[in-house]
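So this block is query08.pdb, PDB, C-alpha atoms:
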ATOM      1  CA  MET A   1      23.311 100.040  63.017
ATOM      2  CA  ARG A   2      26.887  99.634  61.770
ATOM      3  CA  ALA A   3      27.346  97.878  58.450
ATOM      4  CA  VAL A   4      30.279  97.218  56.144
ATOM      5  CA  ARG A   5      29.424  98.462  52.662
ATOM      6  CA  PHE A   6      31.126  99.083  49.351
ATOM      7  CA  HIS A   7      29.983 102.144  47.417
ATOM      8  CA  GLU A   8      31.898 101.082  44.322
ATOM      9  CA  HIS A   9      33.556  97.914  43.115
ATOM     10  CA  GLY A  10      37.233  97.445  43.768
ATOM     11  CA  GLY A  11      39.772  96.059  46.205
ATOM     12  CA  PRO A  12      39.391  95.593  49.959
ATOM     13  CA  ASP A  13      39.957  99.305  50.523
ATOM     14  CA  VAL A  14      36.493 100.126  49.136
ATOM     15  CA  LEU A  15      34.895  98.557  52.227
ATOM     16  CA  THR A  16      33.709 101.147  54.738
ATOM     17  CA  VAL A  17      31.835 100.951  58.036
ATOM     18  CA  ASP A  18      28.682 103.068  57.699
ATOM     19  CA  GLU A  19      25.784 103.942  59.972
ATOM     20  CA  VAL A  20      22.604 102.759  58.246
ATOM     21  CA  ASP A  21      18.970 102.171  59.158
ATOM     22  CA  ASP A  22      18.027  98.826  60.658
ATOM     23  CA  PRO A  23      16.453  96.469  58.106
ATOM     24  CA  GLU A  24      12.807  95.447  58.399
ATOM     25  CA  PRO A  25      11.959  91.759  57.924
ATOM     26  CA  ASP A  26       9.703  91.139  54.936
ATOM     27  CA  TYR A  27       7.268  88.273  54.568
ATOM     28  CA  GLY A  28       9.045  85.003  55.353
ATOM     29  CA  GLN A  29      12.053  86.732  56.907
ATOM     30  CA  VAL A  30      13.423  87.235  60.395
ATOM     31  CA  LEU A  31      15.501  90.094  61.735
ATOM     32  CA  VAL A  32      18.743  88.744  63.201
ATOM     33  CA  ASP A  33      20.884  90.517  65.776
ATOM     34  CA  ILE A  34      24.223  89.372  64.383
ATOM     35  CA  GLU A  35      26.822  87.949  66.742
ATOM     36  CA  ALA A  36      29.194  86.678  64.051
ATOM     37  CA  ALA A  37      29.528  86.611  60.247
ATOM     38  CA  GLY A  38      31.668  84.207  58.279
ATOM     39  CA  VAL A  39      34.151  85.428  55.657
ATOM     40  CA  ASN A  40      34.307  83.473  52.396
ATOM     41  CA  PRO A  41      36.161  83.998  49.100
ATOM     42  CA  VAL A  42      32.808  84.443  47.353
ATOM     43  CA  ASP A  43      32.254  87.613  49.403
ATOM     44  CA  THR A  44      35.164  89.209  47.554
ATOM     45  CA  TYR A  45      33.671  88.398  44.139
ATOM     46  CA  PHE A  46      30.642  90.575  44.851
ATOM     47  CA  ARG A  47      32.901  93.361  46.124
ATOM     48  CA  GLU A  48      35.099  93.179  43.029
ATOM     49  CA  GLY A  49      32.126  93.168  40.663
ATOM     50  CA  ALA A  50      32.695  89.680  39.278
ATOM     51  CA  TYR A  51      29.257  88.753  40.669
ATOM     52  CA  PRO A  52      26.378  91.237  40.335
ATOM     53  CA  VAL A  53      24.779  93.116  43.222
ATOM     54  CA  PRO A  54      21.300  94.657  43.082
ATOM     55  CA  HIS A  55      22.468  98.162  44.014
ATOM     56  CA  LEU A  56      25.307 100.273  45.391
ATOM     57  CA  PRO A  57      26.181 100.869  48.149
ATOM     58  CA  PHE A  58      25.850  97.241  49.193
ATOM     59  CA  ILE A  59      26.348  95.155  52.350
ATOM     60  CA  GLY A  60      28.163  91.927  51.542
ATOM     61  CA  GLY A  61      28.613  88.675  53.427
ATOM     62  CA  GLY A  62      26.781  85.355  53.203
ATOM     63  CA  ASP A  63      27.221  83.519  56.515
ATOM     64  CA  VAL A  64      25.421  84.682  59.653
ATOM     65  CA  ALA A  65      24.842  83.645  63.264
ATOM     66  CA  GLY A  66      22.920  85.484  65.940
ATOM     67  CA  THR A  67      19.620  85.871  67.745
ATOM     68  CA  VAL A  68      16.217  86.512  66.204
ATOM     69  CA  ALA A  69      15.094  90.010  67.163
ATOM     70  CA  ALA A  70      11.791  90.082  65.257
ATOM     71  CA  VAL A  71       9.866  87.978  62.760
ATOM     72  CA  GLY A  72       8.057  89.007  59.610
ATOM     73  CA  ALA A  73       4.636  87.911  58.474
ATOM     74  CA  GLY A  74       4.240  84.240  57.631
ATOM     75  CA  VAL A  75       7.071  83.069  59.896
ATOM     76  CA  GLU A  76       6.129  80.124  62.120
ATOM     77  CA  ARG A  77       9.311  78.118  62.764
ATOM     78  CA  PHE A  78      11.232  80.923  64.467
ATOM     79  CA  ALA A  79      10.487  83.346  67.284
ATOM     80  CA  ALA A  80      12.229  86.294  68.922
ATOM     81  CA  GLY A  81      15.077  85.057  71.087
ATOM     82  CA  ASP A  82      15.898  81.982  68.974
ATOM     83  CA  ARG A  83      19.572  81.304  68.260
ATOM     84  CA  VAL A  84      20.021  80.856  64.515
ATOM     85  CA  PHE A  85      22.687  80.501  61.851
ATOM     86  CA  GLY A  86      22.538  80.466  58.095
ATOM     87  CA  THR A  87      24.030  81.241  54.740
ATOM     88  CA  GLY A  88      23.107  82.648  51.340
ATOM     89  CA  LEU A  89      22.777  86.307  52.324
ATOM     90  CA  GLY A  90      24.604  88.905  50.254
ATOM     91  CA  ASN A  91      23.397  87.294  47.016
ATOM     92  CA  GLY A  92      20.623  89.493  45.649
ATOM     93  CA  MET A  93      19.921  90.852  49.148
ATOM     94  CA  PRO A  94      21.909  92.749  51.811
ATOM     95  CA  GLY A  95      24.405  90.534  53.594
ATOM     96  CA  SER A  96      25.757  89.707  57.013
ATOM     97  CA  TYR A  97      28.656  92.159  57.436
ATOM     98  CA  ALA A  98      26.536  94.216  59.816
ATOM     99  CA  GLU A  99      25.017  94.349  63.271
ATOM    100  CA  ARG A 100      21.625  93.187  61.964
ATOM    101  CA  ALA A 101      20.267  91.510  58.855
ATOM    102  CA  ALA A 102      16.938  90.374  57.453
ATOM    103  CA  ALA A 103      17.280  86.684  56.626
ATOM    104  CA  PRO A 104      14.815  84.484  54.703
ATOM    105  CA  VAL A 105      13.737  81.530  56.851
ATOM    106  CA  ASP A 106      14.679  79.172  54.021
ATOM    107  CA  TYR A 107      18.318  80.204  54.538
ATOM    108  CA  ILE A 108      18.596  79.687  58.306
ATOM    109  CA  ALA A 109      18.264  76.993  60.955
ATOM    110  CA  HIS A 110      18.246  76.829  64.735
ATOM    111  CA  LEU A 111      21.699  76.942  66.317
ATOM    112  CA  PRO A 112      22.098  74.547  69.280
ATOM    113  CA  ASP A 113      22.929  76.153  72.620
ATOM    114  CA  ASP A 114      26.266  74.359  72.865
ATOM    115  CA  VAL A 115      27.498  75.596  69.477
ATOM    116  CA  SER A 116      29.003  79.081  69.664
ATOM    117  CA  PHE A 117      27.889  81.911  67.405
ATOM    118  CA  VAL A 118      31.405  82.114  65.970
ATOM    119  CA  ASP A 119      31.343  78.424  65.060
ATOM    120  CA  GLY A 120      27.843  78.806  63.654
ATOM    121  CA  ALA A 121      28.903  81.672  61.415
ATOM    122  CA  ALA A 122      31.879  79.661  60.198
ATOM    123  CA  LEU A 123      29.752  76.604  59.378
ATOM    124  CA  GLY A 124      27.008  77.865  57.073
ATOM    125  CA  THR A 125      28.499  77.816  53.591
ATOM    126  CA  VAL A 126      31.157  75.175  54.165
ATOM    127  CA  GLY A 127      29.002  72.781  56.180
ATOM    128  CA  ALA A 128      26.100  72.872  53.728
ATOM    129  CA  THR A 129      28.480  72.496  50.782
ATOM    130  CA  ALA A 130      30.239  69.496  52.299
ATOM    131  CA  TRP A 131      26.873  67.891  53.098
ATOM    132  CA  GLN A 132      25.534  68.410  49.588
ATOM    133  CA  GLY A 133      28.718  67.017  48.067
ATOM    134  CA  LEU A 134      29.245  63.939  50.221
ATOM    135  CA  VAL A 135      25.686  63.023  51.204
ATOM    136  CA  HIS A 136      23.365  64.301  48.496
ATOM    137  CA  HIS A 137      25.472  64.002  45.342
ATOM    138  CA  ALA A 138      28.075  61.322  46.102
ATOM    139  CA  GLU A 139      25.948  59.197  48.447
ATOM    140  CA  THR A 140      29.195  58.197  50.137
ATOM    141  CA  LYS A 141      29.249  54.708  51.638
ATOM    142  CA  PRO A 142      31.122  53.672  54.809
ATOM    143  CA  THR A 143      33.252  51.200  52.842
ATOM    144  CA  GLU A 144      34.561  53.851  50.439
ATOM    145  CA  THR A 145      37.609  56.080  50.256
ATOM    146  CA  VAL A 146      37.110  59.843  49.963
ATOM    147  CA  LEU A 147      39.812  62.135  48.577
ATOM    148  CA  VAL A 148      39.491  65.816  49.513
ATOM    149  CA  HIS A 149      41.513  68.274  47.451
ATOM    150  CA  GLY A 150      42.388  71.407  49.435
ATOM    151  CA  GLY A 151      41.875  69.721  52.780
ATOM    152  CA  SER A 152      42.973  72.760  54.791
ATOM    153  CA  GLY A 153      40.383  75.085  53.248
ATOM    154  CA  GLY A 154      36.980  76.036  54.572
ATOM    155  CA  VAL A 155      35.006  73.324  52.774
ATOM    156  CA  GLY A 156      37.901  70.878  52.806
ATOM    157  CA  HIS A 157      38.487  70.739  56.536
ATOM    158  CA  VAL A 158      34.804  70.132  57.344
ATOM    159  CA  ALA A 159      34.450  67.646  54.461
ATOM    160  CA  ILE A 160      37.205  65.592  56.107
ATOM    161  CA  GLN A 161      35.217  65.517  59.345
ATOM    162  CA  LEU A 162      31.937  64.667  57.631
ATOM    163  CA  ALA A 163      33.475  61.857  55.558
ATOM    164  CA  GLU A 164      35.097  60.414  58.682
ATOM    165  CA  THR A 165      31.772  60.585  60.518
ATOM    166  CA  MET A 166      30.153  58.713  57.617
ATOM    167  CA  GLY A 167      32.636  55.884  58.147
ATOM    168  CA  ALA A 168      34.707  56.446  55.019
ATOM    169  CA  GLN A 169      38.470  56.288  54.798
ATOM    170  CA  VAL A 170      39.586  59.874  54.232
ATOM    171  CA  HIS A 171      42.573  61.117  52.249
ATOM    172  CA  ALA A 172      43.389  64.769  51.580
ATOM    173  CA  THR A 173      45.790  66.912  49.611
ATOM    174  CA  ALA A 174      47.295  69.879  51.454
ATOM    175  CA  SER A 175      50.511  71.617  52.410
ATOM    176  CA  PRO A 176      52.706  69.399  54.625
ATOM    177  CA  GLU A 177      52.587  71.970  57.419
ATOM    178  CA  TYR A 178      48.897  71.158  57.949
ATOM    179  CA  GLU A 179      49.249  67.370  57.981
ATOM    180  CA  GLY A 180      49.011  67.050  61.769
ATOM    181  CA  THR A 181      45.926  69.237  62.013
ATOM    182  CA  LEU A 182      44.116  67.369  59.242
ATOM    183  CA  LEU A 183      44.973  64.011  60.770
ATOM    184  CA  ASP A 184      43.491  65.277  64.039
ATOM    185  CA  LEU A 185      40.328  66.279  62.153
ATOM    186  CA  GLY A 186      39.862  62.753  60.831
ATOM    187  CA  ALA A 187      42.041  62.302  57.756
ATOM    188  CA  ASP A 188      43.707  58.895  57.486
ATOM    189  CA  GLN A 189      46.395  60.138  55.124
ATOM    190  CA  VAL A 190      47.483  63.576  53.895
ATOM    191  CA  PHE A 191      49.357  63.986  50.607
ATOM    192  CA  ASP A 192      51.635  66.917  49.803
ATOM    193  CA  TYR A 193      49.826  68.605  46.925
ATOM    194  CA  GLN A 194      53.205  69.662  45.456
ATOM    195  CA  ASN A 195      54.576  66.107  45.395
ATOM    196  CA  PRO A 196      55.705  65.425  41.799
ATOM    197  CA  ASP A 197      54.624  61.811  42.310
ATOM    198  CA  LEU A 198      51.235  62.711  43.792
ATOM    199  CA  GLU A 199      49.297  60.594  41.325
ATOM    200  CA  ALA A 200      51.303  57.484  42.147
ATOM    201  CA  ALA A 201      50.998  58.164  45.882
ATOM    202  CA  VAL A 202      47.197  58.354  45.698
ATOM    203  CA  VAL A 203      46.942  55.220  43.526
ATOM    204  CA  ASP A 204      49.276  53.300  45.841
ATOM    205  CA  ALA A 205      47.043  54.306  48.772
ATOM    206  CA  GLY A 206      44.050  52.674  47.077
ATOM    207  CA  GLY A 207      42.782  55.438  44.807
ATOM    208  CA  ALA A 208      39.451  57.046  45.598
ATOM    209  CA  ASP A 209      35.769  56.243  45.246
ATOM    210  CA  VAL A 210      34.627  59.810  45.951
ATOM    211  CA  VAL A 211      36.555  63.017  45.266
ATOM    212  CA  ILE A 212      35.671  66.396  46.741
ATOM    213  CA  ASP A 213      37.439  68.812  44.426
ATOM    214  CA  LEU A 214      37.978  72.434  45.463
ATOM    215  CA  HIS A 215      40.423  73.030  42.581
ATOM    216  CA  MET A 216      38.616  71.633  39.543
ATOM    217  CA  ASP A 217      40.724  73.439  36.962
ATOM    218  CA  GLN A 218      43.853  71.713  38.272
ATOM    219  CA  TYR A 219      42.611  68.188  38.903
ATOM    220  CA  LEU A 220      40.058  67.171  36.259
ATOM    221  CA  GLN A 221      42.419  64.724  34.517
ATOM    222  CA  PHE A 222      44.227  63.836  37.734
ATOM    223  CA  ASN A 223      40.959  62.726  39.293
ATOM    224  CA  ALA A 224      40.161  60.461  36.368
ATOM    225  CA  ASP A 225      43.608  58.904  36.566
ATOM    226  CA  VAL A 226      43.512  58.107  40.313
ATOM    227  CA  VAL A 227      39.907  57.123  40.991
ATOM    228  CA  ASN A 228      38.459  53.641  41.056
ATOM    229  CA  THR A 229      35.799  52.312  38.701
ATOM    230  CA  GLY A 230      32.411  53.892  39.364
ATOM    231  CA  ALA A 231      33.881  56.821  41.290
ATOM    232  CA  ARG A 232      32.011  60.084  41.800
ATOM    233  CA  VAL A 233      33.928  63.349  41.434
ATOM    234  CA  ILE A 234      32.149  66.308  43.036
ATOM    235  CA  GLY A 235      33.382  69.613  41.622
ATOM    236  CA  ILE A 236      32.869  72.452  44.084
ATOM    237  CA  GLY A 237      35.562  75.087  43.604
ATOM    238  CA  ASN A 238      38.042  76.338  41.033
ATOM    239  CA  ASP A 239      40.866  78.864  40.865
ATOM    240  CA  THR A 240      40.477  79.842  37.197
ATOM    241  CA  ALA A 241      37.782  79.502  34.539
ATOM    242  CA  ASP A 242      39.936  77.019  32.589
ATOM    243  CA  GLY A 243      40.158  73.267  32.852
ATOM    244  CA  GLY A 244      40.020  70.162  30.718
ATOM    245  CA  PHE A 245      41.139  66.611  30.021
ATOM    246  CA  ASP A 246      44.264  65.339  28.297
ATOM    247  CA  ASP A 247      42.804  61.829  28.043
ATOM    248  CA  ILE A 248      39.056  61.791  28.414
ATOM    249  CA  GLY A 249      38.898  58.121  27.464
ATOM    250  CA  VAL A 250      39.960  57.039  30.928
ATOM    251  CA  THR A 251      36.757  58.549  32.329
ATOM    252  CA  LYS A 252      34.704  56.207  30.118
ATOM    253  CA  GLY A 253      36.808  53.183  30.953
ATOM    254  CA  LYS A 254      36.211  53.752  34.676
ATOM    255  CA  GLU A 255      32.667  55.090  34.243
ATOM    256  CA  VAL A 256      33.564  58.133  36.338
ATOM    257  CA  GLN A 257      30.669  60.405  37.258
ATOM    258  CA  TYR A 258      31.452  64.125  37.376
ATOM    259  CA  GLN A 259      28.983  66.247  39.341
ATOM    260  CA  PHE A 260      29.560  69.998  39.425
ATOM    261  CA  MET A 261      27.552  71.625  42.190
ATOM    262  CA  SER A 262      26.549  74.754  44.029
ATOM    263  CA  MET A 263      25.246  74.792  47.582
ATOM    264  CA  PHE A 264      22.597  77.309  46.499
ATOM    265  CA  ASN A 265      20.834  74.593  44.484
ATOM    266  CA  ALA A 266      19.975  72.547  47.590
ATOM    267  CA  ASP A 267      16.311  71.548  47.565
ATOM    268  CA  ASP A 268      15.910  72.528  51.236
ATOM    269  CA  LEU A 269      18.879  74.535  52.467
ATOM    270  CA  SER A 270      17.331  75.073  55.899
ATOM    271  CA  ALA A 271      17.010  71.304  56.396
ATOM    272  CA  VAL A 272      20.635  70.785  55.351
ATOM    273  CA  LEU A 273      21.733  73.440  57.827
ATOM    274  CA  GLY A 274      19.709  71.663  60.496
ATOM    275  CA  ARG A 275      21.639  68.434  59.909
ATOM    276  CA  VAL A 276      24.917  70.366  59.985
ATOM    277  CA  ALA A 277      23.849  71.886  63.326
ATOM    278  CA  ASP A 278      23.165  68.410  64.722
ATOM    279  CA  LEU A 279      26.649  67.250  63.710
ATOM    280  CA  ALA A 280      28.192  70.339  65.293
ATOM    281  CA  ALA A 281      26.269  69.822  68.523
ATOM    282  CA  ASN A 282      27.574  66.248  68.663
ATOM    283  CA  GLY A 283      31.142  67.412  68.053
ATOM    284  CA  GLU A 284      31.280  65.516  64.761
ATOM    285  CA  MET A 285      31.756  68.523  62.452
ATOM    286  CA  LEU A 286      33.131  71.723  63.978
ATOM    287  CA  PRO A 287      34.977  74.448  62.089
ATOM    288  CA  VAL A 288      38.515  75.533  62.820
ATOM    289  CA  VAL A 289      38.331  79.315  63.237
ATOM    290  CA  HIS A 290      41.708  80.704  62.278
ATOM    291  CA  GLU A 291      41.020  84.288  63.340
ATOM    292  CA  THR A 292      38.234  86.721  64.209
ATOM    293  CA  TYR A 293      37.968  90.362  63.130
ATOM    294  CA  ASP A 294      35.943  93.449  64.002
ATOM    295  CA  LEU A 295      33.681  94.953  61.339
ATOM    296  CA  ALA A 296      36.250  97.703  60.804
ATOM    297  CA  GLU A 297      38.761  95.001  59.848
ATOM    298  CA  ALA A 298      36.596  93.440  57.138
ATOM    299  CA  GLY A 299      39.007  94.579  54.435
ATOM    300  CA  ASP A 300      41.902  92.858  56.173
ATOM    301  CA  ALA A 301      39.838  89.682  56.531
ATOM    302  CA  GLN A 302      39.005  89.674  52.828
ATOM    303  CA  ARG A 303      42.676  90.082  51.937
ATOM    304  CA  VAL A 304      43.640  87.184  54.193
ATOM    305  CA  VAL A 305      40.912  84.850  52.917
ATOM    306  CA  LEU A 306      42.311  85.161  49.389
ATOM    307  CA  GLU A 307      46.024  85.611  49.938
ATOM    308  CA  ASP A 308      47.077  83.746  53.095
ATOM    309  CA  SER A 309      47.411  80.040  53.785
ATOM    310  CA  PHE A 310      45.723  78.661  56.908
ATOM    311  CA  VAL A 311      43.399  75.909  58.110
ATOM    312  CA  GLY A 312      39.715  76.696  58.447
ATOM    313  CA  LYS A 313      37.711  79.891  58.466
ATOM    314  CA  LEU A 314      37.771  83.616  59.260
ATOM    315  CA  VAL A 315      34.905  85.284  61.121
ATOM    316  CA  LEU A 316      33.769  88.875  61.716
ATOM    317  CA  VAL A 317      32.441  89.692  65.185
ATOM    318  CA  PRO A 318      30.449  92.987  65.201
TER     319      PRO A 318
END

Go ahead and express the file in the form of structure tokens.
Amino acid sequence: MRAVRFHEHGGPDVLTVDEVDDPEPDYGQVLVDIEAAGVNPVDTYFREGAYPVPHLPFIGGGDVAGTVAAVGAGVERFAAGDRVFGTGLGNGMPGSYAERAAAPVDYIAHLPDDVSFVDGAALGTVGATAWQGLVHHAETKPTETVLVHGGSGGVGHVAIQLAETMGAQVHATASPEYEGTLLDLGADQVFDYQNPDLEAAVVDAGGADVVIDLHMDQYLQFNADVVNTGARVIGIGNDTADGGFDDIGVTKGKEVQYQFMSMFNADDLSAVLGRVADLAANGEMLPVVHETYDLAEAGDAQRVVLEDSFVGKLVLVP
């Protein structure tokens, strides 16, 4: 099969398309004929060496969608021919930037017939992350206001849809050029993240009861200043390793709860993916796919996912 591998750590240019042997599914795994693979910023961290890999050369990529070609021992919930999607590959095991991959059943779920493989591949990481943040950690209520920082990003644009589906009022920060798209996705109000009076604008709009924060290092104090009493701030992403408070006392006065999270800590990731699939099938949470790429263009896709501004996700199509 063809697979995108890096033989050494470095920039996007270290990615090469190699001919390699097909993987064999181990106990509790299925072999997936890959139709699409999502591209996420975290994929670049493994390539660069910021996150460890078990060996070199290595196949990266976490999100996958395709058809089960074979099942390993101990597999009961899936059979050859099933449409599936999932996430979590490429972390301690070969990833999804390939024509086939062995995927643990705990990392995949059935993909409904009316959800495309491309949409399935784009949903894994971001859909499960949004679910864990808004449903599991924040326990968002229909009467509440949700503020999504980075509303145009992968997690952000599906978090807007999920919060709207849950009945919440949804606000987002983003570039003004994406306001119309985010309003169409379910946001009630979109704030220019570069507005010098952003704090006042959010407070005047009613503050927030739940914050989904994709830029924790920038907004830790901001969140405390704009949220309402008893708010939950869910920290998902950050641009640097730094971050702190100028006035931590306000967090005590409002009894703000800060929950930093990782999708990989979900108690039952497969079940979460199943709920995400249901929402997608109902048209309640579908990804915006900005562009698709061939395997040979994986390096270009990884440059774009870090350097360009756009709404939604990028996907490789082998």

Write out as AutoDock Vina command-line options an axis-aligned box for stretch 8-14 of chain A: all of its atoms listed in the file, 8 Å added on each side, centre and edge lengths in Å with one decimal.
--center_x 35.9 --center_y 98.3 --center_z 46.8 --size_x 24.1 --size_y 21.5 --size_z 23.4

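The residues returned by the PyMOL selection byres ((chain A and resi 302) around 8) for this structure are Pro12, Val39, Asn40, Pro41, Asp43, Thr44, Ala298, Gly299, Asp300, Ala301, Arg303, Val304, Val305 and Leu306 of chain A.
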
Query raised in the report: Just so the selection is clear, what residues does the PyMOL selection byres ((chain A and resi 51) around 12) cover here, as a VMD selection string?
Result: chain A and resid 9 41 to 50 52 to 54 60 90 to 92

Requested in this report: Go ahead and find all residues with at least one atom no further than 12 Å from (31.1, 73.2, 72.2) in the file's coordinates, using only C-alpha atoms; report them as a PyMOL selection string.
Outcome: chain A and resi 111-120+277-287

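Those residues that approach A:His136 to within 12 Å, counting only C-alpha atoms, are A:Ala128, A:Thr129, A:Ala130, A:Trp131, A:Gln132, A:Gly133, A:Glu139, A:Thr140, A:Lys141, A:Arg232, A:Ile234, A:Gln259, A:Met261, A:Ser262, A:Met263, A:Asn265, A:Ala266, A:Asp267, A:Asp268, A:Leu269, A:Val272; same-chain residues fewer than 3 positions away are not listed.
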
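When atom CA of A:Ala109 is paired with atom CA of A:Arg83, their separation reads 8.6 Å.
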
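Atom CA of A:Ala37 sits 19.8 Å away from atom CA of A:Gly11.
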
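For the choices A:Val226, A:Phe310, A:Pro25, A:Asp294, the atom-to-atom distance to A:Glu177 is smallest for A:Phe310 when using only C-alpha atoms.
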
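Remark: for A:Thr229, the closest of the candidate residues A:Asp33, A:Asp197, A:Glu144, A:Asp204 is A:Glu144 (distances computed over all atoms listed in the file).
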